[in-house]
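S.K.: Attaching a single structure in structure tokens format; questions to follow.
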Amino acid sequence: MYPKSILNKPVLKRKFLRSPGFFLIALFCALLFTGENPITPGRAAASQSQPPQIPVPSADGTVVYESELVSVDASHTDEGYVMVRYMGKNPKVKLQLEITGGQTYTYLLSKDQIYEVFPFSSGDGIYSLRVYEQIKDDSYILIFTEELTVTLQNEFLPFLYPNQYVSFTPDSLAASISEQLCADTRSDAEAVGILYRYVCRNISYDMEKAAQAAYGYLPDVDEILTSGKGICFDYAAVLTAMLRSRGIPAKLETGYVGDAFHAWVSVYSEEAGRPGDAVRLREKSWNLLDPTLASHSGSAGANAYIGDGSHYTVKYSY
């Protein structure tokens with residue numbers, strides 16, 4: 001057992017402080033899963049005169065909870081994220097974020113002693129943040145716990161910033177391609193259509209990668225764009241990153257399509273529209289996009305299958 005001081009030495013710093021092929025693909029995906037100026041949605045329309053501001057998370061050190069092994073920077077919880085760094089040597093460490101009375105999200109922490117970004121996907125509320133080290137096999141010990149009260153400046157912020165699963169920066173290839181493709185767009189709906197079609201047409205499904213991918217796999221969106229290959233998780237991460245880099249709220253979602261575990265995207269649109277045949281958008285709504293299915297079956301087939309979204313059951317949103 002660890003001494004109590006390691007569990008939580010509060011070095012708290014505060015300064016004020018149904019295509020058959022589709023289901024085959026989805027089954028492969030199951031291998032993966034057993035600011036001071038917060039960004040606001042709807043920036044693509046301004047892209048003709050000025051590119052949208054690309055959000056950059058920051059560990060400012062204004063609100064920090066620490067132990068010898070874990071550092072939690074909670075300086076920007078109102079912007080929809082928390083940053084966590086593991087400083088120990090254990091090869092397998094898990095982070096859990098659980099909102100009171102709601103869902104628990106489980107992540108693997110990096111061994112590189114760097115801050116990683118995790119979203120408050122469940123919105124406002126009280127979150128229990130817990131970090132566990134592996135003892136052996138499926139046995140873990142709690143080494144850190146903290147309670148965070150989250151009140152978001154707006155509901156879209158967790159789905160505008162990069163995070164561990166949707167990782168991009170202003171210098172990313174994903175951001176550069178998005179800027180080029182959407183330089184002359186006049187609306188978010190138009191940008192969504194352009195980016196959706198680009199991902200569907202420029203990434204092919206990688207069966208070999210699907211067969212080899214292990215629990216804890218994280219997409220590298222720029223590598224995927226460079227190689228032109230990926231699995232459902234990759235398609236979803238790339239499209240989500242490209243949309244967020246345009247200031248368009250987007251969720252990487254995982255869950256079930258029938259009995260198969262799968263990953264897709266939900267994008268928020270202020271306006272209704274049908275920019276080309278790639279996607280139909282409802283006004284002031286989250287709209288489901290399945291780039292893996294559209295890449296495999298074509299946009300018309302994907303639209304027909306997606307329909308009202310009743311085939312899809314969301315388990316997690318990142």
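We label chains A, B, ... in the order they appear in the structure tokens, count residues from 1 in each chain, and number ligands from 1 in the order shown.
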Enumerate the residues of segment 59-238 of chain A with a DSSP assignment of alpha helix (DSSP H), computed from the backbone, and present them as number ranges by chain.
M.R.: A: 173-181, 188-202, 207-212, 221-227, 232-238
S.K.: Near Asp222 of chain A, counting only C-alpha atoms, which residues have an atom at most 12 Å away, once you skip same-chain residues fewer than 5 positions from it, shown as a ChimeraX atom specification?
M.R.: /A:166-169,171-178,203,227-230,234-235,237-239,241-242
S.K.: Keeping only C-alpha atoms, write the selected residues to a file as an mmCIF file, in the first residue's frame.
M.R.:
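Contents of the output file again_6.cif:
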```
data_model
loop_
_atom_site.group_PDB
_atom_site.id
_atom_site.type_symbol
_atom_site.label_atom_id
_atom_site.label_comp_id
_atom_site.auth_asym_id
_atom_site.auth_seq_id
_atom_site.Cartn_x
_atom_site.Cartn_y
_atom_site.Cartn_z
ATOM 1 C CA VAL A 166 -8.680 14.298 -30.635
ATOM 2 C CA SER A 167 -5.179 15.740 -30.658
ATOM 3 C CA PHE A 168 -4.279 18.697 -32.886
ATOM 4 C CA THR A 169 -2.526 22.077 -32.693
ATOM 5 C CA ASP A 171 0.503 23.780 -36.603
ATOM 6 C CA SER A 172 -1.100 20.396 -37.293
ATOM 7 C CA LEU A 173 -1.542 19.109 -40.824
ATOM 8 C CA ALA A 174 -5.224 18.655 -39.964
ATOM 9 C CA ALA A 175 -5.572 22.365 -39.195
ATOM 10 C CA SER A 176 -3.604 23.378 -42.300
ATOM 11 C CA ILE A 177 -5.690 21.239 -44.659
ATOM 12 C CA SER A 178 -8.911 22.459 -43.042
ATOM 13 C CA ILE A 203 -8.745 7.771 -46.067
ATOM 14 C CA SER A 227 -0.730 7.670 -44.801
ATOM 15 C CA GLY A 228 -4.313 7.861 -46.051
ATOM 16 C CA LYS A 229 -5.225 4.787 -43.972
ATOM 17 C CA GLY A 230 -7.138 4.223 -40.773
ATOM 18 C CA ASP A 234 -9.094 7.222 -36.933
ATOM 19 C CA TYR A 235 -11.764 8.441 -39.354
ATOM 20 C CA ALA A 237 -10.655 11.527 -34.801
ATOM 21 C CA VAL A 238 -9.458 13.135 -38.039
ATOM 22 C CA LEU A 239 -12.847 14.586 -38.955
ATOM 23 C CA ALA A 241 -10.022 17.520 -35.300
ATOM 24 C CA MET A 242 -10.575 19.196 -38.669
#
```
S.K.: Contacts between segment 303-315 of chain A and segment 152-265 of chain A, please, where a residue of segment 152-265 of chain A counts if it comes within 10 Å (with only C-alpha atoms); show its shortest atom pair and distance in Å to one decimal, rows by chain and ascending number, as a Markdown table.
M.R.:
```
| residue | atom | partner | partner_atom | distance |
| --- | --- | --- | --- | --- |
| A:Glu253 | CA | A:Val314 | CA | 6.5 |
| A:Thr254 | CA | A:Lys315 | CA | 5.8 |
| A:Gly255 | CA | A:Lys315 | CA | 4.5 |
| A:Tyr256 | CA | A:Thr313 | CA | 5.1 |
| A:Val257 | CA | A:Tyr312 | CA | 4.8 |
| A:Gly258 | CA | A:His311 | CA | 6.4 |
| A:Asp259 | CA | A:Thr313 | CA | 9.8 |
| A:Ala260 | CA | A:Tyr312 | CA | 9.9 |
| A:Phe261 | CA | A:Thr313 | CA | 9.4 |
| A:His262 | CA | A:Tyr312 | CA | 9.0 |
| A:Ala263 | CA | A:Val314 | CA | 9.1 |
| A:Trp264 | CA | A:Tyr312 | CA | 9.4 |
```
S.K.: How many Å lie between atom CA of Ser122 of chain A and atom CA of Gly88 of chain A, rounded to one decimal?
M.R.: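 Distance between the two atoms: 28.7 Å.
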S.K.: Give the strand (DSSP E) residues of segment 113-198 of chain A, as DSSP finds them on the backbone, and put them as a compact mmCIF listing (two decimals) with N, CA and C atoms, in the first residue's frame.
M.R.:
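Output file result33.txt follows:
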```txt
# COMPACT_ATOMS: atom_id res chain seq x y z
N GLU A 116 -1.63 15.90 -20.17
CA GLU A 116 -2.57 15.48 -21.20
C GLU A 116 -3.92 16.11 -20.91
N VAL A 117 -4.71 16.29 -21.96
CA VAL A 117 -5.97 17.02 -21.86
C VAL A 117 -7.15 16.05 -21.87
N PHE A 118 -8.09 16.26 -20.92
CA PHE A 118 -9.26 15.39 -20.82
C PHE A 118 -10.51 16.27 -20.71
N PRO A 119 -11.53 15.97 -21.51
CA PRO A 119 -12.72 16.84 -21.54
C PRO A 119 -13.74 16.49 -20.45
N GLY A 125 -21.26 19.99 -13.51
CA GLY A 125 -21.48 19.04 -12.42
C GLY A 125 -20.24 18.88 -11.56
N ILE A 126 -20.32 17.96 -10.62
CA ILE A 126 -19.20 17.64 -9.74
C ILE A 126 -18.56 16.35 -10.24
N TYR A 127 -17.28 16.42 -10.55
CA TYR A 127 -16.55 15.29 -11.10
C TYR A 127 -15.59 14.73 -10.05
N SER A 128 -15.55 13.43 -9.97
CA SER A 128 -14.53 12.75 -9.18
C SER A 128 -13.41 12.34 -10.13
N LEU A 129 -12.20 12.84 -9.85
CA LEU A 129 -11.03 12.50 -10.66
C LEU A 129 -10.18 11.52 -9.86
N ARG A 130 -9.92 10.35 -10.43
CA ARG A 130 -9.16 9.31 -9.73
C ARG A 130 -8.05 8.77 -10.63
N VAL A 131 -6.90 8.49 -10.04
CA VAL A 131 -5.78 7.91 -10.78
C VAL A 131 -5.39 6.61 -10.10
N TYR A 132 -5.19 5.56 -10.91
CA TYR A 132 -4.87 4.23 -10.41
C TYR A 132 -3.59 3.71 -11.07
N GLU A 133 -2.75 3.06 -10.29
CA GLU A 133 -1.59 2.33 -10.82
C GLU A 133 -1.89 0.84 -10.86
N GLN A 134 -1.40 0.19 -11.90
CA GLN A 134 -1.58 -1.26 -12.01
C GLN A 134 -0.71 -1.98 -11.00
N ILE A 135 -1.28 -2.98 -10.34
CA ILE A 135 -0.51 -3.87 -9.47
C ILE A 135 -0.13 -5.12 -10.24
N LYS A 136 -1.15 -5.74 -10.84
CA LYS A 136 -0.92 -6.94 -11.65
C LYS A 136 -2.20 -7.22 -12.44
N SER A 139 -5.67 -5.79 -11.64
CA SER A 139 -5.69 -5.24 -10.28
C SER A 139 -4.98 -3.89 -10.26
N TYR A 140 -5.66 -2.87 -9.70
CA TYR A 140 -5.12 -1.52 -9.63
C TYR A 140 -5.28 -0.97 -8.22
N ILE A 141 -4.41 -0.01 -7.87
CA ILE A 141 -4.50 0.65 -6.58
C ILE A 141 -4.71 2.15 -6.80
N LEU A 142 -5.59 2.75 -6.00
CA LEU A 142 -5.86 4.18 -6.08
C LEU A 142 -4.68 4.95 -5.50
N ILE A 143 -4.12 5.88 -6.29
CA ILE A 143 -2.98 6.67 -5.81
C ILE A 143 -3.30 8.15 -5.70
N PHE A 144 -4.44 8.57 -6.26
CA PHE A 144 -4.76 10.00 -6.22
C PHE A 144 -6.26 10.17 -6.45
N THR A 145 -6.87 11.09 -5.72
CA THR A 145 -8.28 11.42 -5.95
C THR A 145 -8.52 12.89 -5.64
N GLU A 146 -9.39 13.50 -6.40
CA GLU A 146 -9.74 14.90 -6.20
C GLU A 146 -11.15 15.12 -6.73
N GLU A 147 -11.85 16.06 -6.14
CA GLU A 147 -13.20 16.41 -6.59
C GLU A 147 -13.16 17.78 -7.25
N LEU A 148 -13.75 17.88 -8.44
CA LEU A 148 -13.75 19.12 -9.21
C LEU A 148 -15.18 19.55 -9.50
N THR A 149 -15.50 20.79 -9.18
CA THR A 149 -16.80 21.35 -9.52
C THR A 149 -16.68 22.14 -10.82
N VAL A 150 -17.47 21.75 -11.81
CA VAL A 150 -17.34 22.30 -13.16
C VAL A 150 -18.60 23.08 -13.54
```
S.K.: Do you have the atom CA of Met87 of chain A-atom CA of Tyr318 of chain A distance handy?
M.R.: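 Separation between atom CA of Met87 of chain A and atom CA of Tyr318 of chain A: 24.3 Å.
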S.K.: Skip Glu270 of chain A itself and residues of its chain fewer than 5 positions away, then list as a tab-separated table (two decimals) with N, CA and C atoms, in the first residue's frame all residues within 10 Å of it, counting only C-alpha atoms.
M.R.:
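Dumped to part02.tsv:
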```tsv
chain	number	residue	atom	x	y	z
A	41	PRO	N	-18.87	28.53	-30.87
A	41	PRO	CA	-19.16	27.86	-32.13
A	41	PRO	C	-19.52	28.84	-33.23
A	42	GLY	N	-19.44	28.34	-34.46
A	42	GLY	CA	-19.89	29.13	-35.60
A	42	GLY	C	-18.86	30.09	-36.14
A	187	SER	N	-20.36	29.43	-44.72
A	187	SER	CA	-21.15	28.97	-43.59
A	187	SER	C	-20.51	27.73	-42.98
A	188	ASP	N	-20.88	27.44	-41.74
A	188	ASP	CA	-20.42	26.21	-41.11
A	188	ASP	C	-20.92	24.99	-41.87
A	189	ALA	N	-22.16	25.05	-42.35
A	189	ALA	CA	-22.73	23.91	-43.08
A	189	ALA	C	-21.89	23.57	-44.31
A	248	ILE	N	-15.90	24.66	-35.21
A	248	ILE	CA	-17.20	23.98	-35.30
A	248	ILE	C	-17.25	22.89	-34.23
A	281	LEU	N	-27.93	18.54	-42.62
A	281	LEU	CA	-27.79	19.13	-41.30
A	281	LEU	C	-29.10	19.71	-40.82
A	282	ARG	N	-29.41	19.46	-39.54
A	282	ARG	CA	-30.59	20.05	-38.92
A	282	ARG	C	-30.18	21.30	-38.15
A	283	GLU	N	-31.03	22.28	-38.12
A	283	GLU	CA	-30.74	23.57	-37.49
A	283	GLU	C	-30.64	23.44	-35.98
A	284	LYS	N	-29.61	24.08	-35.41
A	284	LYS	CA	-29.38	24.11	-33.96
A	284	LYS	C	-29.47	22.72	-33.35
A	285	SER	N	-28.78	21.78	-33.98
A	285	SER	CA	-28.83	20.38	-33.55
A	285	SER	C	-27.48	19.72	-33.71
A	286	TRP	N	-27.29	18.63	-32.97
A	286	TRP	CA	-26.15	17.74	-33.20
A	286	TRP	C	-26.53	16.78	-34.32
```
S.K.: Near Val267 of chain A, counting only C-alpha atoms, which residues have an atom at most 6 Å away, once you skip same-chain residues fewer than 5 positions from it, shown as a list in words?
M.R.: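 After dropping sequence-adjacent residues, the list is Pro249, Ala250, Trp286 and Asn287 of chain A.
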